[in-house]
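S.K.: Sharing a structure here in structure tokens format.
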Amino acid sequence: MILKKRTFKGGVHPPEEKNWTQDKPIEIMPAPATVIIPLQQHIGRPSTPKVKVGDTVKIGDPLSEPAGFVSVPSHASVSGTVKAIDKAPHPLGVEILAVTIENDGKDEFSDVILKEADRSELSREEIIARISAAGIAGMGGATFPTHVKLSPPPNKKIETLILNGAECEPYLTADHRLMLAYPDEILDGMDIIIKALNCKTGYIGIEKNKPDAIKLLREKVREKGFPYQVLSFQVKYPQGAEKQLIKAITGREVPRGGLPMDVGCLVQNVGTAKAVHDAVRYKKPLYERVVTVTGPGINVSRNVLARIGTPLRELLNFCGGLKDGAAKIINGGPMMGISQFSLEVPVIKGTSGILVLGEKESQIAEEQPCIRCGRCVVACPMGLMPNLLATLVEYNKFDQAKKYGILDCIECGSCTFICPAKRYLVHYIKHGKLEVNRAAKSAA
Ligand code: SF4
Ligand code: SF4
């Protein structure tokens with residue numbers, strides 16, 4: 001029998017660099033003296049503050065209210081006093097309204113959080129209400145509000161839930177260690193989502209470089225008698241991207257400009273499933289997360305359970321501080337992460353990793369003219385022509401870039417990685433997407 005390879009077209013093989021932290025269990029970081037909690041840590045409208053300076057708060061108390069359906073609240077991650085509600089540095093490189101709380105060191109929890117797990121059968125509406133109140137936004141980094149993803153329009157039936165444990169981004173191991181530490185909670189979160197959506201099938205997709213997590217989750221699935229499958233994938237970037245995962249598992253292709261629900265699928269990160277378990281069983285808001293702090297520029301690479309709002313400076317100090325020669329700090333991994341310019345930037349719901357590079361790894365090669373080798377085209381998992389798109393953007397031909405599918409780019413960075421001429425392809429494409437979207441808005 002010929003087994004079909006579970007994979008997708010295109011992709012690249014960057015050095016995995018997981019060995020810095022893959023064997024390191026999650027360590028709990030003590031809460032910092034001050035947390036800075038942005039009121040926008042999700043895709044959608046920023047939430048609106050519901051506390052004022054001088055208020056005292058407990059862990060899990062809501063600091064803000066959603067400003068519409070596609071919006072989620074932020075919650076206190078320490079107990080203490082609200083010291084400021086002001087614009088503060090955000091990982092996206094902009095300043096965003098944030099609530100600063102001075103920690104009173106008492107670690108008092110909100111009365112809302114249940115001490116015992118609630119195992120009662122909840123309706124779909126009750127489940128979604130708890131997820132929404134807990135402020136959950138996709139924890140793989142996309143930060144799309146989870147309650148919105150779980151509320152498809154009536155004409156879109158979700159048949160298949162895919163739990164994403166691929167963690168294909170080099171260096172990052174937060175999801176890997178989460179699967180090893182919380183398999184029961186992750187599977188319970190998966191089961192909650194499957195039942196809420198009345199899905200027919202459920203899969204957990206994990207890359208083969210995490211054999212211990214694959215084995216453990218398979219054992220747990222068998223033990224619990226769940227009808228879900230744990231699938232292992234060949235290691236290829238970006239295996240963990242939604243559309244690539246759907247293609248690899250179901251063979252279905254999400255149409256251009258479409259969403260996973262268009263092919264009956266929903267993809268959730270394993271961290272999101274754990275957060276769903278916490279929210280539904282304990283009414284626990286999302287106020288902490290696992291972050292991989294790693295790379296050649298940090299003294300002690302670790303997987304850290306950190307409070308949301310922890311300033312990078314504190315997180316890095318918990319990991320032994322920066323090495324001499326640390327040259328670049330990236331929020332996320334090397335392929336899709338964003339360079340950081342302030343150590344006051346806080347950990348947010350989508351912070352899966354902080355990568356610290358040394359001088360050697362941070363050097364940016366000088367861009368050379370395209371040699372038309374076509375490697376970027378072969379590597380693009382979305383079937384785009386990155387070389388052409390970049391050239392169109394360079395010449396301000398945004399209409400044509402749109403025609404050639406620039407909005408389908410998932411900004412995975414595979415094209416830039418593979419390009420022998422070191423063209424800044426993603427940089428051009430991101431700029432082009434902004435221009436295309438801007439033109440569409442002003443035309444509306
Ligand atoms: S064009 Fe976009 S989707 Fe294609 S490889 Fe480049 S970054 Fe990835
Ligand atoms: S990989 Fe680089 S050099 Fe080759 S075609 Fe693409 S842009 Fe040109």
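Ligands are numbered from 1 in the order shown, chains are lettered A, B, ... in the order of the structure tokens, and residues start at 1 in each chain.
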I need the residues of stretch 160-250 of chain A that end up classed as helix (DSSP H, G or I) by DSSP on the backbone, written out as number ranges by chain.
M.R.: A: 174-181, 183-197, 211-224, 242-250
S.K.: With C-alpha atoms kept, could you save the residues just selected as a short mmCIF file (atom, residue, chain, number, x, y, z; two decimals), in the first residue's frame?
M.R.:
```cif
data_model
loop_
_atom_site.label_atom_id
_atom_site.label_comp_id
_atom_site.auth_asym_id
_atom_site.auth_seq_id
_atom_site.Cartn_x
_atom_site.Cartn_y
_atom_site.Cartn_z
CA ALA A 174 6.10 26.65 23.84
CA ASP A 175 3.38 24.52 22.21
CA HIS A 176 5.56 21.42 22.39
CA ARG A 177 6.06 21.79 26.13
CA LEU A 178 2.40 22.75 26.63
CA MET A 179 1.32 19.48 24.97
CA LEU A 180 3.63 17.54 27.30
CA ALA A 181 2.52 19.41 30.43
CA PRO A 183 -2.41 16.96 27.48
CA ASP A 184 -5.64 16.36 29.45
CA GLU A 185 -6.58 20.03 29.44
CA ILE A 186 -5.80 20.39 25.72
CA LEU A 187 -7.92 17.35 24.83
CA ASP A 188 -10.75 18.56 27.06
CA GLY A 189 -10.63 21.96 25.32
CA MET A 190 -10.71 20.17 21.96
CA ASP A 191 -13.68 18.08 23.06
CA ILE A 192 -15.52 21.20 24.25
CA ILE A 193 -15.04 22.89 20.86
CA ILE A 194 -16.02 19.77 18.92
CA LYS A 195 -19.22 19.37 20.91
CA ALA A 196 -20.06 23.09 20.72
CA LEU A 197 -19.75 23.00 16.93
CA PRO A 211 7.74 12.43 18.98
CA ASP A 212 7.15 12.58 22.76
CA ALA A 213 4.13 14.86 22.32
CA ILE A 214 2.74 12.67 19.52
CA LYS A 215 3.11 9.56 21.68
CA LEU A 216 1.62 11.15 24.79
CA LEU A 217 -1.40 12.61 23.02
CA ARG A 218 -2.05 9.32 21.21
CA GLU A 219 -1.99 7.49 24.53
CA LYS A 220 -4.32 10.03 26.12
CA VAL A 221 -6.75 9.95 23.21
CA ARG A 222 -6.87 6.13 23.46
CA GLU A 223 -7.23 6.21 27.25
CA LYS A 224 -10.16 8.63 27.09
CA GLU A 242 -4.00 27.09 8.65
CA LYS A 243 -4.46 26.50 4.96
CA GLN A 244 -1.42 24.23 4.73
CA LEU A 245 -2.60 22.15 7.68
CA ILE A 246 -6.06 21.76 6.16
CA LYS A 247 -4.55 20.71 2.83
CA ALA A 248 -2.22 18.21 4.48
CA ILE A 249 -4.98 16.61 6.56
CA THR A 250 -8.10 16.77 4.44
#
```
S.K.: If you run DSSP on this backbone, which residues of stretch 293-346 of chain A come out as strand (DSSP E or B), and could you give them as a list in words?
M.R.: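 Matching residues for strand (DSSP E or B) in stretch 293-346 of chain A are Val293, Thr294, Ile298, Arg302, Asn303, Val304, Leu305, Ala306, Arg307, Pro311, Leu322, Ala326, Ala327, Lys328, Ile329, Ile330, Asn331, Ile338, Ser339 and Pro346 of chain A.
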S.K.: Selection from above, N, CA and C atoms, as a PDB file, in the first residue's frame, can you write it?
M.R.:
```
ATOM      1  N   VAL A 293      11.638  31.642  25.519  1.00  0.00           N
ATOM      2  CA  VAL A 293      12.663  32.697  25.457  1.00  0.00           C
ATOM      3  C   VAL A 293      13.954  31.990  25.061  1.00  0.00           C
ATOM      4  N   THR A 294      14.511  32.346  23.937  1.00  0.00           N
ATOM      5  CA  THR A 294      15.553  31.490  23.367  1.00  0.00           C
ATOM      6  C   THR A 294      16.501  32.260  22.443  1.00  0.00           C
ATOM      7  N   ILE A 298      20.644  35.112  24.583  1.00  0.00           N
ATOM      8  CA  ILE A 298      20.097  35.130  25.955  1.00  0.00           C
ATOM      9  C   ILE A 298      20.899  34.144  26.801  1.00  0.00           C
ATOM     10  N   ARG A 302      14.672  29.311  27.943  1.00  0.00           N
ATOM     11  CA  ARG A 302      13.667  28.656  28.788  1.00  0.00           C
ATOM     12  C   ARG A 302      12.299  28.697  28.138  1.00  0.00           C
ATOM     13  N   ASN A 303      11.415  27.806  28.620  1.00  0.00           N
ATOM     14  CA  ASN A 303       9.981  27.947  28.347  1.00  0.00           C
ATOM     15  C   ASN A 303       9.357  28.486  29.626  1.00  0.00           C
ATOM     16  N   VAL A 304       8.751  29.648  29.533  1.00  0.00           N
ATOM     17  CA  VAL A 304       8.337  30.378  30.730  1.00  0.00           C
ATOM     18  C   VAL A 304       6.829  30.590  30.734  1.00  0.00           C
ATOM     19  N   LEU A 305       6.185  30.276  31.867  1.00  0.00           N
ATOM     20  CA  LEU A 305       4.784  30.665  32.039  1.00  0.00           C
ATOM     21  C   LEU A 305       4.809  32.070  32.635  1.00  0.00           C
ATOM     22  N   ALA A 306       4.438  33.046  31.804  1.00  0.00           N
ATOM     23  CA  ALA A 306       4.560  34.457  32.215  1.00  0.00           C
ATOM     24  C   ALA A 306       3.187  35.102  32.249  1.00  0.00           C
ATOM     25  N   ARG A 307       3.034  36.066  33.141  1.00  0.00           N
ATOM     26  CA  ARG A 307       1.779  36.825  33.175  1.00  0.00           C
ATOM     27  C   ARG A 307       1.708  37.740  31.953  1.00  0.00           C
ATOM     28  N   PRO A 311       6.763  43.021  31.292  1.00  0.00           N
ATOM     29  CA  PRO A 311       7.656  43.721  30.353  1.00  0.00           C
ATOM     30  C   PRO A 311       8.795  42.800  29.904  1.00  0.00           C
ATOM     31  N   LEU A 322      20.515  39.432  28.946  1.00  0.00           N
ATOM     32  CA  LEU A 322      21.099  39.373  27.599  1.00  0.00           C
ATOM     33  C   LEU A 322      22.597  39.097  27.687  1.00  0.00           C
ATOM     34  N   ALA A 326      24.377  40.544  22.321  1.00  0.00           N
ATOM     35  CA  ALA A 326      22.983  40.367  21.879  1.00  0.00           C
ATOM     36  C   ALA A 326      22.616  41.553  21.001  1.00  0.00           C
ATOM     37  N   ALA A 327      22.104  41.273  19.819  1.00  0.00           N
ATOM     38  CA  ALA A 327      21.949  42.372  18.866  1.00  0.00           C
ATOM     39  C   ALA A 327      20.513  42.605  18.421  1.00  0.00           C
ATOM     40  N   LYS A 328      19.654  41.584  18.566  1.00  0.00           N
ATOM     41  CA  LYS A 328      18.313  41.751  18.014  1.00  0.00           C
ATOM     42  C   LYS A 328      17.318  40.937  18.843  1.00  0.00           C
ATOM     43  N   ILE A 329      16.192  41.551  19.178  1.00  0.00           N
ATOM     44  CA  ILE A 329      15.146  40.843  19.921  1.00  0.00           C
ATOM     45  C   ILE A 329      13.923  40.753  19.022  1.00  0.00           C
ATOM     46  N   ILE A 330      13.443  39.522  18.843  1.00  0.00           N
ATOM     47  CA  ILE A 330      12.304  39.301  17.944  1.00  0.00           C
ATOM     48  C   ILE A 330      11.142  38.731  18.733  1.00  0.00           C
ATOM     49  N   ASN A 331       9.968  39.307  18.534  1.00  0.00           N
ATOM     50  CA  ASN A 331       8.752  38.764  19.128  1.00  0.00           C
ATOM     51  C   ASN A 331       8.228  37.701  18.172  1.00  0.00           C
ATOM     52  N   ILE A 338       8.510  39.696  14.746  1.00  0.00           N
ATOM     53  CA  ILE A 338       8.647  41.146  14.553  1.00  0.00           C
ATOM     54  C   ILE A 338       9.759  41.655  15.481  1.00  0.00           C
ATOM     55  N   SER A 339      10.709  42.408  14.909  1.00  0.00           N
ATOM     56  CA  SER A 339      11.805  42.969  15.720  1.00  0.00           C
ATOM     57  C   SER A 339      11.248  43.949  16.739  1.00  0.00           C
ATOM     58  N   PRO A 346       5.247  44.648  26.450  1.00  0.00           N
ATOM     59  CA  PRO A 346       4.818  43.541  27.298  1.00  0.00           C
ATOM     60  C   PRO A 346       4.568  42.235  26.542  1.00  0.00           C
TER      61      PRO A 346
END
```
S.K.: Give me the residues within 8 Å of A:Lys236 as a PyMOL selection string, counting only C-alpha atoms and dropping any in the same chain fewer than 6 places off.
M.R.: chain A and resi 11-13+168
S.K.: Pick out the residues sitting within 12 Å of A:Lys87, and hand them over as a list in words; count only C-alpha atoms, and ignore anything fewer than 6 positions along from it in its own chain.
M.R.: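 Using only C-alpha atoms, the neighbours found are Ile36, Ile37, Pro38, Leu39, Gln40, Val94, Glu95, Ile96, Leu97, Ala98, Val99, Thr100 and Val345 of chain A.
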S.K.: Within 6 Å of ligand 1, counting only C-alpha atoms and all ligand atoms: which residues, as a PyMOL selection string?
M.R.: chain A and resi 379-382+384+386+409-415+426
S.K.: Select, from A:Gly258, A:Gly240, A:Gly264, A:Pro369, the residue with the minimum atom-to-atom distance to ligand 2, counting only C-alpha atoms and all ligand atoms.
M.R.: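 Among the listed residues, the smallest separation from ligand 2 belongs to A:Pro369.
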S.K.: Please identify the residues whose atoms come within 6 Å of ligand 2, using only C-alpha atoms and all ligand atoms, and report them as a PyMOL selection string.
M.R.: chain A and resi 370-376+387+419-421+423
S.K.: I need the chosen residues saved as an mmCIF file, in the first residue's frame, with N, CA and C atoms.
M.R.:
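Resulting contents of part-v7.cif:
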```
data_model
loop_
_atom_site.group_PDB
_atom_site.id
_atom_site.type_symbol
_atom_site.label_atom_id
_atom_site.label_comp_id
_atom_site.auth_asym_id
_atom_site.auth_seq_id
_atom_site.Cartn_x
_atom_site.Cartn_y
_atom_site.Cartn_z
ATOM 1 N N CYS A 370 17.338 40.420 -8.778
ATOM 2 C CA CYS A 370 16.751 39.090 -8.974
ATOM 3 C C CYS A 370 17.473 38.375 -10.127
ATOM 4 N N ILE A 371 17.803 37.116 -9.914
ATOM 5 C CA ILE A 371 18.477 36.360 -10.986
ATOM 6 C C ILE A 371 17.496 35.416 -11.697
ATOM 7 N N ARG A 372 16.216 35.581 -11.389
ATOM 8 C CA ARG A 372 15.137 34.821 -12.042
ATOM 9 C C ARG A 372 15.323 33.304 -11.923
ATOM 10 N N CYS A 373 15.715 32.886 -10.751
ATOM 11 C CA CYS A 373 15.938 31.445 -10.559
ATOM 12 C C CYS A 373 14.625 30.705 -10.299
ATOM 13 N N GLY A 374 13.594 31.438 -9.854
ATOM 14 C CA GLY A 374 12.280 30.824 -9.626
ATOM 15 C C GLY A 374 12.146 30.087 -8.296
ATOM 16 N N ARG A 375 13.189 30.127 -7.457
ATOM 17 C CA ARG A 375 13.091 29.366 -6.196
ATOM 18 C C ARG A 375 11.988 29.891 -5.290
ATOM 19 N N CYS A 376 11.771 31.196 -5.319
ATOM 20 C CA CYS A 376 10.721 31.755 -4.440
ATOM 21 C C CYS A 376 9.351 31.244 -4.886
ATOM 22 N N ASN A 387 8.469 36.926 -6.601
ATOM 23 C CA ASN A 387 9.365 37.814 -7.358
ATOM 24 C C ASN A 387 8.560 38.859 -8.119
ATOM 25 N N CYS A 419 15.590 32.937 -1.161
ATOM 26 C CA CYS A 419 16.093 33.757 -2.274
ATOM 27 C C CYS A 419 17.617 33.917 -2.240
ATOM 28 N N PRO A 420 18.327 33.456 -3.286
ATOM 29 C CA PRO A 420 19.786 33.591 -3.289
ATOM 30 C C PRO A 420 20.245 35.037 -3.479
ATOM 31 N N ALA A 421 19.369 35.869 -4.004
ATOM 32 C CA ALA A 421 19.735 37.278 -4.210
ATOM 33 C C ALA A 421 19.406 38.115 -2.968
ATOM 34 N N ARG A 423 16.663 39.083 -1.805
ATOM 35 C CA ARG A 423 15.643 40.124 -2.028
ATOM 36 C C ARG A 423 14.749 40.210 -0.797
#
```
S.K.: Need to verify the contact set: A:Pro334, 8 Å, only C-alpha atoms, exclusion of same-chain residues closer than 2 positions in sequence. Can you return it as a list in words?
M.R.: Glu169, Pro170, Tyr171, Ile330, Gly332, Met336, Gly337 and Leu355 of chain A
